[in-house]
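Asker: Before anything else, here's the structure in question.
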Amino acid sequence: MAGTRRAPRAAAAIAAAMGGRAIAPRTAHRGSKRTATSAARGGGMTLRMRMRMRIDTQDQQQQQQQQQQRRQRRHVCKCDSQGGELSVEEPRDDDVLPDGLEDSLIKAANATDLALQDGNARVIADVFIPELFDPLGGPMMANEGDQKRYWDMSKTFSQKLAENTGGNVRVVYPDAGVAAMLSSQWVDANFRFSSLNDRNPFAEDDNVIVIACADPQGVDKVIEMARKTEGTTPLVLFNARLASGEVGVGLSARRLRNEFLSSFVVAYALRPFQGGTVFRLYNEMWKVFIADANESGRFVLLSEMPRRPSGEELENLILDYLGEGDSGDDDEDDGNVLAGAAKFVKNLTRFISDISKPIS
């Protein structure tokens, strides 16, 4: 009926559909003039008007409570044109992982720039690709084009870092031959080239120095450059491999290297391993992910910690994860563990394949 007032619940529903905007209930009806006149003559509001105001107040409070509850929901909602709520996928912990190699390098450059802006003079960015790089053995380059892909990673990272900083970025490569080859190929590069073997590998007007892909043979020169630039020019280690798997490395040399690396802040780290990946983004905790056995293409956050996890810690985390849901039947448990292992290894292989695709 035309004169019927909207129910408070209907008004609340409409307000929710309109994005939380309150819609005042219609209070006018056929007897409103008489009620107003009676209120004026009586010098105050009638009992019916007071009751209506109380209902309206309760209605507004209910709307506010509903809005607060919607904000506290773990999933995100939006309204369609008819006012109904459409559920959007709930944010997941693995959303922080990159979509591919180029995305990872850009995020690494952004995180490095943020760390530099915060006043960190020594920063590390690691983007390791299993098929190109072994943590102990170093670059493998087993397939044709791997060498180019390896150096292209440093270009993508350095170009983005130079764009972000807006200053003079110098990229120092392991030897003069590599630096000369890349400078002739990358005529569009927005950064400067030099090598660890140069007599003067950096200049006074350099704003940021990136040492790209340093190896154990160049560790002394890297340390020397860090000492010379200390207090003047920020230093970034990109995909550095200063540790050596060779037997016979002295304890004092290892201690010196570890002390040197401890003076750096890790702005970005992506280190896939057999069964998952270790990840860190600047100003956040170290995170350990493994492939979700129940959902293809997704990863489960196993742990967060303030430091890089050790190999033993990674192994224990994976074993604990695979052992979840034990029912007491050894044969059945073994089957569950093997099935779970097969699923997350398959998903991990897909992730590594995506992260290893050439940069477009």
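Letters A, B, ... go to the chains of the structure tokens in the order shown; residues in each chain start at 1; ligands are counted from 1 in the same order.
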DSSP on the backbone, then: every residue of stretch 69-297 of chain A marked strand (DSSP E), written as a VMD selection string.
Answerer: chain A and resid 77 to 79 85 to 87 122 to 127 133 to 134 138 to 139 169 to 173 192 to 195 208 to 212 235 to 238 265 to 273 276 to 281 286 to 291
Asker: Find the residues around stretch 253-259 of chain A up to 9 Å (only C-alpha atoms counted), leave out those fewer than 2 positions away in its own chain, and share them as a PyMOL selection string.
Answerer: chain A and resi 219+223+242-243+249-251+261-263
Asker: What residues in stretch 246-334 of chain A get the DSSP label helix (DSSP H, G or I)? Please answer as a PyMOL selection string.
Answerer: chain A and resi 251-261+311-322+330-334
Asker: Please measure the separation of atom CA of A:Ala115 and atom CA of A:Tyr282, giving the value in Å to one decimal.
Answerer: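 That distance, rounded to one decimal, is 6.8 Å.
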Asker: Just the residues within 7 Å of A:Ala212, please, counting only C-alpha atoms, with nothing from its chain fewer than 5 positions along; format it as a ChimeraX atom specification.
Answerer: /A:154,171-173,237-240
Asker: Distance atom CA of A:Leu319-atom CA of A:Arg92, one decimal place?
Answerer: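 A separation of 22.3 Å between them.
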Asker: Could you work out how far atom CA of A:Leu235 lies from atom CA of A:Ile124, giving the answer in Å with one decimal?
Answerer: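 Atom-to-atom, atom CA of A:Ile124 and atom CA of A:Leu235 are spaced 8.6 Å apart.
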Asker: Set the distance at 12 Å and use only C-alpha atoms: which residues neighbour stretch 182-192 of chain A once local chain neighbours fewer than 3 positions away are removed? I'd like the list as a ChimeraX atom specification.
Answerer: /A:147-148,150-152,154-179,195,201-203,205-211
